[in-house]
Amino acid sequence: MRVVAEAMSRIQQANCAVEMVREQVQEHKDSTAAQLRREANTLKKTLKLLAEKFMLPQARQGMFRGDNQALPQLSGVLNSLSSSWDAPTETQLTYLKYAESKLEKALAEFNCVFDINVRKFHELVGRQRLHSLRSKSC
């Protein structure tokens, strides 16, 4: 669960940094600013989709199972395992393996997005000599 919290924290920090860059180039009308805005919008969408791999979106209303997110899967397994002092059943172990595989897939995608997309955006911002993405706190 700590891994999911750390991943979500990094996603939120990246979102905040992207938003700061968007604010800095908002009033510029040149082609470079337009490119940065396009890249920022694309990265924001990518980060939103990535966050949904870990947990349900905050703005949703109603009750959802969370079949495709890592955190609800892990929470379900933890609740199941802590409901009894008995040894884990085969079903519980199967759910644990499934939750671990969901988490591993989400973390692999997380690493890919941060290694490629976020790094590319950071380099683009650096070439434009805007304020560092880490210079302000969000």
# chains A, B, ... in the order shown; residues from 1 in each chain; ligands from 1

call {"tool": "closest_atom_pairs", "arguments": {"of": "range 3-52 of chain A", "to": "range 70-74 of chain A", "cutoff": "10 Å", "atoms": "only C-alpha atoms", "output": "CSV"}}
result
residue,atom,partner,partner_atom,distance
A:Val3,CA,A:Leu71,CA,9.7
A:Val4,CA,A:Leu71,CA,6.8
A:Ala5,CA,A:Leu71,CA,9.1
A:Glu52,CA,A:Ala70,CA,9.0

call {"tool": "residues_around", "arguments": {"residues": "Val125 in chain A", "least_positions_apart": "2", "cutoff": "12 Å", "atoms": "only C-alpha atoms", "output": "list in words"}}
result
Ala17, Val18, Met20, Val21, Arg22, Gln24, Val25, Thr32, Ala33, Gln35, Leu36, Arg37, Glu39, Ala40, Val118, Arg119, Lys120, Phe121, His122, Glu123, Arg127, Gln128, Arg129, Leu130, His131, Ser132, Leu133 and Arg134 of chain A

call {"tool": "residues_around", "arguments": {"residues": "range 90-97 of chain A", "least_positions_apart": "2", "cutoff": "9 Å", "atoms": "only C-alpha atoms", "output": "number ranges by chain"}}
result
A: 73-74, 76-78, 80-81, 88, 99-102

call {"tool": "write_last_selection", "arguments": {"atoms": "C-alpha atoms", "output": "PDB file, in the first residue's frame"}}
result
ATOM      1  CA  GLN A  73      -7.456  -5.159  -5.129  1.00  0.00           C
ATOM      2  CA  LEU A  74      -4.803  -4.945  -2.420  1.00  0.00           C
ATOM      3  CA  GLY A  76      -9.684  -6.464  -0.611  1.00  0.00           C
ATOM      4  CA  VAL A  77      -6.934  -9.028  -0.097  1.00  0.00           C
ATOM      5  CA  LEU A  78      -5.783  -7.362   3.114  1.00  0.00           C
ATOM      6  CA  SER A  80      -9.821 -10.948   3.536  1.00  0.00           C
ATOM      7  CA  LEU A  81      -6.554 -12.067   5.106  1.00  0.00           C
ATOM      8  CA  PRO A  88      -4.716 -18.220   4.131  1.00  0.00           C
ATOM      9  CA  ALA A  99      -3.541  -8.144  -6.784  1.00  0.00           C
ATOM     10  CA  GLU A 100       0.245  -8.414  -6.968  1.00  0.00           C
ATOM     11  CA  SER A 101       0.097  -8.840 -10.736  1.00  0.00           C
ATOM     12  CA  LYS A 102      -2.170  -5.753 -11.033  1.00  0.00           C
TER      13      LYS A 102
END

call {"tool": "residues_around", "arguments": {"residues": "Lys48 in chain A", "least_positions_apart": "2", "cutoff": "12 Å", "atoms": "only C-alpha atoms", "output": "ChimeraX atom specification"}}
result
/A:8,11-12,14-15,41-46,50-58,110,113

call {"tool": "write_last_selection", "arguments": {"atoms": "N, CA, C and O atoms", "output": "PDB file, in the first residue's frame"}}
result
ATOM      1  N   MET A   8       1.217   7.486  -6.265  1.00  0.00           N
ATOM      2  CA  MET A   8       0.204   8.534  -6.396  1.00  0.00           C
ATOM      3  C   MET A   8       0.767   9.901  -6.029  1.00  0.00           C
ATOM      4  O   MET A   8       0.427  10.908  -6.653  1.00  0.00           O
ATOM      5  N   ILE A  11       2.742  11.076  -8.982  1.00  0.00           N
ATOM      6  CA  ILE A  11       1.841  11.469 -10.063  1.00  0.00           C
ATOM      7  C   ILE A  11       1.259  12.849  -9.766  1.00  0.00           C
ATOM      8  O   ILE A  11       1.194  13.710 -10.656  1.00  0.00           O
ATOM      9  N   GLN A  12       0.856  13.096  -8.530  1.00  0.00           N
ATOM     10  CA  GLN A  12       0.307  14.394  -8.156  1.00  0.00           C
ATOM     11  C   GLN A  12       1.355  15.494  -8.287  1.00  0.00           C
ATOM     12  O   GLN A  12       1.055  16.599  -8.754  1.00  0.00           O
ATOM     13  N   ALA A  14       3.910  15.486 -10.352  1.00  0.00           N
ATOM     14  CA  ALA A  14       4.115  15.697 -11.784  1.00  0.00           C
ATOM     15  C   ALA A  14       2.965  16.515 -12.368  1.00  0.00           C
ATOM     16  O   ALA A  14       3.192  17.429 -13.175  1.00  0.00           O
ATOM     17  N   ASN A  15       1.742  16.229 -11.966  1.00  0.00           N
ATOM     18  CA  ASN A  15       0.584  17.007 -12.416  1.00  0.00           C
ATOM     19  C   ASN A  15       0.717  18.464 -12.025  1.00  0.00           C
ATOM     20  O   ASN A  15       0.433  19.363 -12.820  1.00  0.00           O
ATOM     21  N   ASN A  41      -0.808  19.171 -22.091  1.00  0.00           N
ATOM     22  CA  ASN A  41      -2.143  18.559 -22.121  1.00  0.00           C
ATOM     23  C   ASN A  41      -2.055  17.055 -22.307  1.00  0.00           C
ATOM     24  O   ASN A  41      -2.768  16.289 -21.649  1.00  0.00           O
ATOM     25  N   THR A  42      -1.169  16.630 -23.201  1.00  0.00           N
ATOM     26  CA  THR A  42      -0.991  15.197 -23.437  1.00  0.00           C
ATOM     27  C   THR A  42      -0.475  14.502 -22.182  1.00  0.00           C
ATOM     28  O   THR A  42      -0.972  13.428 -21.804  1.00  0.00           O
ATOM     29  N   LEU A  43       0.498  15.105 -21.512  1.00  0.00           N
ATOM     30  CA  LEU A  43       1.056  14.506 -20.301  1.00  0.00           C
ATOM     31  C   LEU A  43       0.016  14.472 -19.181  1.00  0.00           C
ATOM     32  O   LEU A  43      -0.072  13.489 -18.441  1.00  0.00           O
ATOM     33  N   LYS A  44      -0.788  15.512 -19.047  1.00  0.00           N
ATOM     34  CA  LYS A  44      -1.835  15.514 -18.023  1.00  0.00           C
ATOM     35  C   LYS A  44      -2.808  14.351 -18.242  1.00  0.00           C
ATOM     36  O   LYS A  44      -3.194  13.669 -17.298  1.00  0.00           O
ATOM     37  N   LYS A  45      -3.193  14.119 -19.499  1.00  0.00           N
ATOM     38  CA  LYS A  45      -4.099  13.006 -19.802  1.00  0.00           C
ATOM     39  C   LYS A  45      -3.440  11.667 -19.484  1.00  0.00           C
ATOM     40  O   LYS A  45      -4.067  10.768 -18.919  1.00  0.00           O
ATOM     41  N   THR A  46      -2.165  11.547 -19.845  1.00  0.00           N
ATOM     42  CA  THR A  46      -1.425  10.312 -19.573  1.00  0.00           C
ATOM     43  C   THR A  46      -1.323  10.065 -18.074  1.00  0.00           C
ATOM     44  O   THR A  46      -1.523   8.938 -17.608  1.00  0.00           O
ATOM     45  N   LEU A  50      -2.817   7.029 -15.870  1.00  0.00           N
ATOM     46  CA  LEU A  50      -1.894   6.271 -15.022  1.00  0.00           C
ATOM     47  C   LEU A  50      -2.411   6.210 -13.587  1.00  0.00           C
ATOM     48  O   LEU A  50      -2.374   5.148 -12.959  1.00  0.00           O
ATOM     49  N   ALA A  51      -2.898   7.317 -13.068  1.00  0.00           N
ATOM     50  CA  ALA A  51      -3.424   7.339 -11.697  1.00  0.00           C
ATOM     51  C   ALA A  51      -4.595   6.379 -11.552  1.00  0.00           C
ATOM     52  O   ALA A  51      -4.772   5.753 -10.498  1.00  0.00           O
ATOM     53  N   GLU A  52      -5.386   6.244 -12.626  1.00  0.00           N
ATOM     54  CA  GLU A  52      -6.535   5.339 -12.579  1.00  0.00           C
ATOM     55  C   GLU A  52      -6.120   3.869 -12.577  1.00  0.00           C
ATOM     56  O   GLU A  52      -6.944   3.007 -12.296  1.00  0.00           O
ATOM     57  N   LYS A  53      -4.867   3.578 -12.870  1.00  0.00           N
ATOM     58  CA  LYS A  53      -4.367   2.202 -12.750  1.00  0.00           C
ATOM     59  C   LYS A  53      -4.171   1.827 -11.285  1.00  0.00           C
ATOM     60  O   LYS A  53      -4.169   0.653 -10.934  1.00  0.00           O
ATOM     61  N   PHE A  54      -3.974   2.838 -10.441  1.00  0.00           N
ATOM     62  CA  PHE A  54      -3.703   2.590  -9.029  1.00  0.00           C
ATOM     63  C   PHE A  54      -4.956   2.701  -8.159  1.00  0.00           C
ATOM     64  O   PHE A  54      -5.129   1.933  -7.220  1.00  0.00           O
ATOM     65  N   MET A  55      -5.805   3.688  -8.437  1.00  0.00           N
ATOM     66  CA  MET A  55      -7.004   3.864  -7.624  1.00  0.00           C
ATOM     67  C   MET A  55      -8.112   4.517  -8.423  1.00  0.00           C
ATOM     68  O   MET A  55      -7.867   5.079  -9.489  1.00  0.00           O
ATOM     69  N   LEU A  56      -9.324   4.429  -7.908  1.00  0.00           N
ATOM     70  CA  LEU A  56     -10.481   5.005  -8.581  1.00  0.00           C
ATOM     71  C   LEU A  56     -10.361   6.524  -8.626  1.00  0.00           C
ATOM     72  O   LEU A  56      -9.822   7.134  -7.701  1.00  0.00           O
ATOM     73  N   PRO A  57     -10.882   7.154  -9.672  1.00  0.00           N
ATOM     74  CA  PRO A  57     -10.854   8.624  -9.740  1.00  0.00           C
ATOM     75  C   PRO A  57     -11.622   9.239  -8.569  1.00  0.00           C
ATOM     76  O   PRO A  57     -12.644   8.699  -8.136  1.00  0.00           O
ATOM     77  N   GLN A  58     -11.147  10.362  -8.080  1.00  0.00           N
ATOM     78  CA  GLN A  58     -11.754  11.016  -6.922  1.00  0.00           C
ATOM     79  C   GLN A  58     -13.147  11.572  -7.223  1.00  0.00           C
ATOM     80  O   GLN A  58     -13.999  11.612  -6.366  1.00  0.00           O
ATOM     81  N   PHE A 110       3.877   2.838 -14.758  1.00  0.00           N
ATOM     82  CA  PHE A 110       4.341   4.033 -14.040  1.00  0.00           C
ATOM     83  C   PHE A 110       5.792   4.345 -14.404  1.00  0.00           C
ATOM     84  O   PHE A 110       6.129   5.470 -14.752  1.00  0.00           O
ATOM     85  N   VAL A 113       6.059   5.611 -18.024  1.00  0.00           N
ATOM     86  CA  VAL A 113       5.585   6.992 -18.186  1.00  0.00           C
ATOM     87  C   VAL A 113       6.595   7.975 -17.621  1.00  0.00           C
ATOM     88  O   VAL A 113       6.922   8.985 -18.249  1.00  0.00           O
TER      89      VAL A 113
END

call {"tool": "closest_residue", "arguments": {"among": "A:Ala106, A:Leu47, A:Ala7, A:Ala34", "to": "Gln69 in chain A", "atoms": "only C-alpha atoms"}}
result
A:Ala106

call {"tool": "select_by_dssp", "arguments": {"residues": "chain A", "states": "helix (DSSP H, G or I)", "output": "JSON, numbers by chain"}}
result
{"A": [2, 3, 4, 5, 6, 7, 8, 9, 10, 11, 12, 13, 14, 15, 16, 17, 18, 19, 20, 21, 22, 23, 24, 25, 31, 32, 33, 34, 35, 36, 37, 38, 39, 40, 41, 42, 43, 44, 45, 46, 47, 48, 49, 50, 51, 52, 53, 54, 70, 71, 72, 73, 74, 75, 76, 77, 78, 79, 80, 81, 82, 90, 91, 92, 93, 94, 95, 96, 97, 98, 99, 100, 101, 102, 103, 104, 105, 106, 107, 108, 109, 110, 111, 112, 113, 114, 115, 116, 117, 118, 119, 120, 121, 122, 123, 124, 125, 126, 127]}

call {"tool": "atom_distance", "arguments": {"atom1": "CA of Ser75 in chain A", "atom2": "CA of Met1 in chain A"}}
result
8.1 Å

call {"tool": "decode", "arguments": {"residues": "range 23-97 of chain A", "atoms": "C-alpha atoms", "output": "PDB file, in the first residue's frame"}}
result
ATOM      1  CA  GLU A  23       0.523  28.747 -16.319  1.00  0.00           C
ATOM      2  CA  GLN A  24       3.934  30.092 -17.335  1.00  0.00           C
ATOM      3  CA  VAL A  25       3.260  29.720 -21.069  1.00  0.00           C
ATOM      4  CA  GLN A  26      -0.444  30.497 -20.974  1.00  0.00           C
ATOM      5  CA  GLU A  27      -0.170  34.016 -22.374  1.00  0.00           C
ATOM      6  CA  HIS A  28       2.660  33.360 -24.824  1.00  0.00           C
ATOM      7  CA  LYS A  29       1.494  33.100 -28.428  1.00  0.00           C
ATOM      8  CA  ASP A  30       4.623  31.711 -30.118  1.00  0.00           C
ATOM      9  CA  SER A  31       4.969  28.211 -31.553  1.00  0.00           C
ATOM     10  CA  THR A  32       7.176  27.037 -28.685  1.00  0.00           C
ATOM     11  CA  ALA A  33       4.524  27.939 -26.131  1.00  0.00           C
ATOM     12  CA  ALA A  34       1.900  26.191 -28.248  1.00  0.00           C
ATOM     13  CA  GLN A  35       4.054  23.066 -28.362  1.00  0.00           C
ATOM     14  CA  LEU A  36       4.530  23.172 -24.585  1.00  0.00           C
ATOM     15  CA  ARG A  37       0.780  23.535 -24.062  1.00  0.00           C
ATOM     16  CA  ARG A  38       0.112  20.553 -26.346  1.00  0.00           C
ATOM     17  CA  GLU A  39       2.731  18.444 -24.593  1.00  0.00           C
ATOM     18  CA  ALA A  40       1.419  19.524 -21.181  1.00  0.00           C
ATOM     19  CA  ASN A  41      -2.143  18.559 -22.121  1.00  0.00           C
ATOM     20  CA  THR A  42      -0.991  15.197 -23.437  1.00  0.00           C
ATOM     21  CA  LEU A  43       1.056  14.506 -20.301  1.00  0.00           C
ATOM     22  CA  LYS A  44      -1.835  15.514 -18.023  1.00  0.00           C
ATOM     23  CA  LYS A  45      -4.099  13.006 -19.802  1.00  0.00           C
ATOM     24  CA  THR A  46      -1.425  10.312 -19.573  1.00  0.00           C
ATOM     25  CA  LEU A  47      -0.921  10.966 -15.853  1.00  0.00           C
ATOM     26  CA  LYS A  48      -4.676  10.847 -15.246  1.00  0.00           C
ATOM     27  CA  LEU A  49      -4.931   7.467 -16.959  1.00  0.00           C
ATOM     28  CA  LEU A  50      -1.894   6.271 -15.022  1.00  0.00           C
ATOM     29  CA  ALA A  51      -3.424   7.339 -11.697  1.00  0.00           C
ATOM     30  CA  GLU A  52      -6.535   5.339 -12.579  1.00  0.00           C
ATOM     31  CA  LYS A  53      -4.367   2.202 -12.750  1.00  0.00           C
ATOM     32  CA  PHE A  54      -3.703   2.590  -9.029  1.00  0.00           C
ATOM     33  CA  MET A  55      -7.004   3.864  -7.624  1.00  0.00           C
ATOM     34  CA  LEU A  56     -10.481   5.005  -8.581  1.00  0.00           C
ATOM     35  CA  PRO A  57     -10.854   8.624  -9.740  1.00  0.00           C
ATOM     36  CA  GLN A  58     -11.754  11.016  -6.922  1.00  0.00           C
ATOM     37  CA  ALA A  59     -14.634  12.713  -8.762  1.00  0.00           C
ATOM     38  CA  ARG A  60     -16.693   9.549  -9.325  1.00  0.00           C
ATOM     39  CA  GLN A  61     -19.928   9.180  -7.461  1.00  0.00           C
ATOM     40  CA  GLY A  62     -21.468   5.915  -6.435  1.00  0.00           C
ATOM     41  CA  MET A  63     -20.053   2.586  -5.395  1.00  0.00           C
ATOM     42  CA  PHE A  64     -17.583   0.784  -7.634  1.00  0.00           C
ATOM     43  CA  ARG A  65     -15.763  -2.488  -7.242  1.00  0.00           C
ATOM     44  CA  GLY A  66     -12.472  -1.209  -8.547  1.00  0.00           C
ATOM     45  CA  ASP A  67     -11.653  -4.317 -10.553  1.00  0.00           C
ATOM     46  CA  ASN A  68      -8.947  -2.658 -12.608  1.00  0.00           C
ATOM     47  CA  GLN A  69      -7.119  -0.650  -9.964  1.00  0.00           C
ATOM     48  CA  ALA A  70      -4.289  -1.914  -7.786  1.00  0.00           C
ATOM     49  CA  LEU A  71      -5.274  -0.292  -4.474  1.00  0.00           C
ATOM     50  CA  PRO A  72      -8.815  -1.715  -4.237  1.00  0.00           C
ATOM     51  CA  GLN A  73      -7.456  -5.159  -5.129  1.00  0.00           C
ATOM     52  CA  LEU A  74      -4.803  -4.945  -2.420  1.00  0.00           C
ATOM     53  CA  SER A  75      -7.296  -3.611   0.112  1.00  0.00           C
ATOM     54  CA  GLY A  76      -9.684  -6.464  -0.611  1.00  0.00           C
ATOM     55  CA  VAL A  77      -6.934  -9.028  -0.097  1.00  0.00           C
ATOM     56  CA  LEU A  78      -5.783  -7.362   3.114  1.00  0.00           C
ATOM     57  CA  ASN A  79      -9.334  -7.320   4.476  1.00  0.00           C
ATOM     58  CA  SER A  80      -9.821 -10.948   3.536  1.00  0.00           C
ATOM     59  CA  LEU A  81      -6.554 -12.067   5.106  1.00  0.00           C
ATOM     60  CA  SER A  82      -7.136 -10.111   8.308  1.00  0.00           C
ATOM     61  CA  SER A  83     -10.659 -11.505   8.782  1.00  0.00           C
ATOM     62  CA  SER A  84      -9.367 -14.732  10.301  1.00  0.00           C
ATOM     63  CA  TRP A  85      -6.430 -16.097  12.275  1.00  0.00           C
ATOM     64  CA  ASP A  86      -6.484 -19.229  10.137  1.00  0.00           C
ATOM     65  CA  ALA A  87      -3.906 -19.881   7.461  1.00  0.00           C
ATOM     66  CA  PRO A  88      -4.716 -18.220   4.131  1.00  0.00           C
ATOM     67  CA  THR A  89      -7.013 -20.220   1.905  1.00  0.00           C
ATOM     68  CA  GLU A  90      -6.273 -21.061  -1.727  1.00  0.00           C
ATOM     69  CA  THR A  91      -8.794 -18.438  -2.798  1.00  0.00           C
ATOM     70  CA  GLN A  92      -7.125 -15.763  -0.693  1.00  0.00           C
ATOM     71  CA  LEU A  93      -3.727 -16.691  -2.102  1.00  0.00           C
ATOM     72  CA  THR A  94      -5.145 -16.545  -5.635  1.00  0.00           C
ATOM     73  CA  TYR A  95      -6.568 -13.079  -4.971  1.00  0.00           C
ATOM     74  CA  LEU A  96      -3.212 -12.033  -3.521  1.00  0.00           C
ATOM     75  CA  LYS A  97      -1.375 -13.176  -6.655  1.00  0.00           C
TER      76      LYS A  97
END
